[in-house]
Amino acid sequence: MIQVLENYPIASLNTFRDDYFARYFVQSNSPEAIARFLEQHSELSYLIIGGGSNLLFTENFDGILISPDFREKQVILEDEKMVIFQVGASLNFDKIVEYTTDKNWGGLENLSLIPGTVGAAPIQNIGAYGVEAKDCIFQVATFDLKNKTERIFTPEECQFGYRNSFFKQNPGQFLVTSVTFLLSKGNHHFHTEYGNIKEKLSNKPISLKHIRQTIINIRRNKLPDPNLYPNAGSFFKNPVVSASVFEKLSKNNSNLPYYKMNDNYKIPAAWLIDRCGFKGREYKRAGVFHNQPLVICKFSEDTTGNEIAKFSRKIQTTVFEKFGIKLEPEVTIF
Ligand code: FAD
Ligand code: NAP
């Protein structure tokens with residue numbers, strides 16, 4: 001089945017609430033039908049959209065927005081130690097984390113409350129609180145929209161990196177139809193080293209549910225609710241710099257925070273932005289969130305996507321001038 005709507009308003013399809021129109025909005029549970037529609041309209045560009053929580057639109061989308069509709073979930077294999085669980089790409093990611101945690105299946109709990117769909121999780125290898133999607137992904141089922149064939153990707157073929165993957169590097173060709181996770185049953189490996197998780201867990205016995213609830217509490221306290229302040233999470237990736245760049249930077253900034261990543265150093269972009277003096281609602285109706293300057297928010301109902309893009313460029317330029325570091329957007333901008 002395929003549903004095609006023309007000149008479709010997209011404000012409700014993205015967490016920045018960008019109020020533009022798409023030339024076509026196509027929803028379907030058939031990858032073949034989607035591929036056929038794209039072939040018939042090959043002169044137009046297209047974008048696969050999930051929950052729209054990692055996107056920024058700055059104008060009308062003069063192409064085809066594809067909203068896949070794959071909602072099955074099933075256990076493929078299970079024994080007393082592990083479960084292999086296949087989940088349709090269009091299901092809400094956090095609902096799946098809730099479901100698996102309730103079943104006492106371990107692996108996804110640190111990724112609690114990340115907005116968006118299951119199908120988008122492997123695209124940028126979502127991560128939070130010391131865990132990345134790649135840590136639990138067994139395989140990713142896709143439909144190759146160019147060659148009209150199904151293709152299963154192993155984790156190696158996905159080429160997962162820090163907020164990166166083969167899919168992010170080759171956008172559009174592969175429509176993710178389902179993601180299969182390998183989760184633990186009993187004998188869980190709890191990830192509690194990140195930040196203040198341990199402290200917040202305090203003296204209660206550790207369980208998957210307890211970790212999930214703790215992370216939900218931390219996130220609710222620290223991050224803006226997109227319903228109140230439209231945003232797309234971290235706007236930029238944390239820059240990863242070489243040892244020589246790091247040495248130069250830390251000479252001039254004695255309190256520069258960092259995390260060692262093999263031979264390189266990850267610098268929190270939020271710190272760089274803060275040091276450039278971006279605080280709160282600086283730029284008319286856009287600004288950075290007071291608790292987390294890496295999140296750019298709309299502070300007025302009619303702030304446009306274009307204003308957000310301009311503001312993000314102002315941040316990039318200022319950070320570059322002060323620190324010589326080019327911040328790379330994590331959000332995809334159209
Ligand atoms: P969309 O924004 O709709 O799309 C993102 C990309 O995936 C696009 O390139 C799109 O084409 C592609 N895509 C989507 N579905 C498919 C599919 N089925 N097949 C092929 N391609 C597809 N991210 C983190 O990593 N960690 C966090 O902790 C985190 N916290 C966030 C907090 C907030 C408040 C917000 C608003 C965002 C946060 N994000 C975080 C970013 C975002 O939630 C993730 O990137 C998420 O995976 C995006 O899912 P989505 O369904 O909304 O994807
Ligand atoms: P935070 O805890 O204030 O930390 C700031 C940054 O430092 C994080 O981005 C994180 O990098 C890095 N960091 C902190 N502790 C680390 C450690 N032990 N090892 C390696 N890197 C470390 O960050 P926050 O904004 O409150 O977010 C908490 C977590 O949720 C982070 O993992 C963050 O990625 C995730 N998050 C992501 C988004 C998004 O849109 N992508 C939005 C909100 C929250 P990493 O980002 O690499 O973890």
# chains A, B, ... in the order shown; residues from 1 in each chain; ligands from 1

call {"tool": "residues_near_ligand", "arguments": {"ligand": "ligand 2", "cutoff": "6 Å", "atoms": "only C-alpha atoms and all ligand atoms", "output": "JSON, numbers by chain"}}
result
{"A": [127, 128, 129, 130, 194, 195, 233, 234, 259, 268, 292]}

call {"tool": "write_last_selection", "arguments": {"atoms": "C-alpha atoms", "output": "CSV table (one decimal), in the first residue's frame"}}
result
chain,number,residue,atom,x,y,z
A,127,GLY,CA,24.8,7.0,21.4
A,128,ALA,CA,24.5,8.2,25.0
A,129,TYR,CA,25.9,7.6,28.4
A,130,GLY,CA,28.7,5.4,27.3
A,194,TYR,CA,29.5,7.6,32.5
A,195,GLY,CA,29.1,10.9,34.3
A,233,GLY,CA,19.3,17.5,20.2
A,234,SER,CA,23.1,18.1,19.9
A,259,TYR,CA,38.1,12.5,26.6
A,268,PRO,CA,33.1,18.7,24.4
A,292,GLN,CA,23.4,22.3,27.4

call {"tool": "residues_near_ligand", "arguments": {"ligand": "ligand 1", "cutoff": "7 Å", "atoms": "only C-alpha atoms and all ligand atoms", "output": "NGL selection string"}}
result
:A and (15 or 47-55 or 68 or 89-90 or 111 or 114-121 or 123-128 or 163 or 168 or 171-172 or 174-177 or 223-226 or 231-234 or 332)

call {"tool": "atom_distance", "arguments": {"atom1": "atom CA of A:Val4", "atom2": "atom CA of A:Thr149"}}
result
22.5 Å

call {"tool": "closest_residue", "arguments": {"among": "A:Trp271, A:Lys260, A:Leu5, A:Arg212", "to": "A:Lys95", "atoms": "only C-alpha atoms"}}
result
A:Arg212

call {"tool": "residues_around", "arguments": {"residues": "A:Arg285", "least_positions_apart": "4", "cutoff": "10 Å", "atoms": "only C-alpha atoms", "output": "ChimeraX atom specification"}}
result
/A:281,297-304,307-308,311

call {"tool": "select_by_dssp", "arguments": {"residues": "stretch 12-225 of chain A", "states": "helix (DSSP H, G or I)", "output": "ChimeraX atom specification"}}
result
/A:12-13,31-40,93-102,109-111,133-135,155-158,166-169,197-201,208-222

call {"tool": "residues_around", "arguments": {"residues": "stretch 315-330 of chain A", "least_positions_apart": "3", "cutoff": "7 Å", "atoms": "only C-alpha atoms", "output": "JSON, numbers by chain"}}
result
{"A": [234, 235, 236, 237, 239, 272, 273, 276, 311, 312]}

call {"tool": "closest_residue", "arguments": {"among": "A:Glu150, A:Asp135, A:Asp18, A:Asp69", "to": "A:Leu183", "atoms": "only C-alpha atoms"}}
result
A:Asp135

call {"tool": "closest_residue", "arguments": {"among": "A:Ser184, A:Ile2, A:Ile34, A:Tyr229", "to": "A:Ile84", "atoms": "only C-alpha atoms"}}
result
A:Ser184

call {"tool": "residues_around", "arguments": {"residues": "A:Arg17", "least_positions_apart": "6", "cutoff": "8 Å", "atoms": "only C-alpha atoms", "output": "ChimeraX atom specification"}}
result
/A:10-11,230
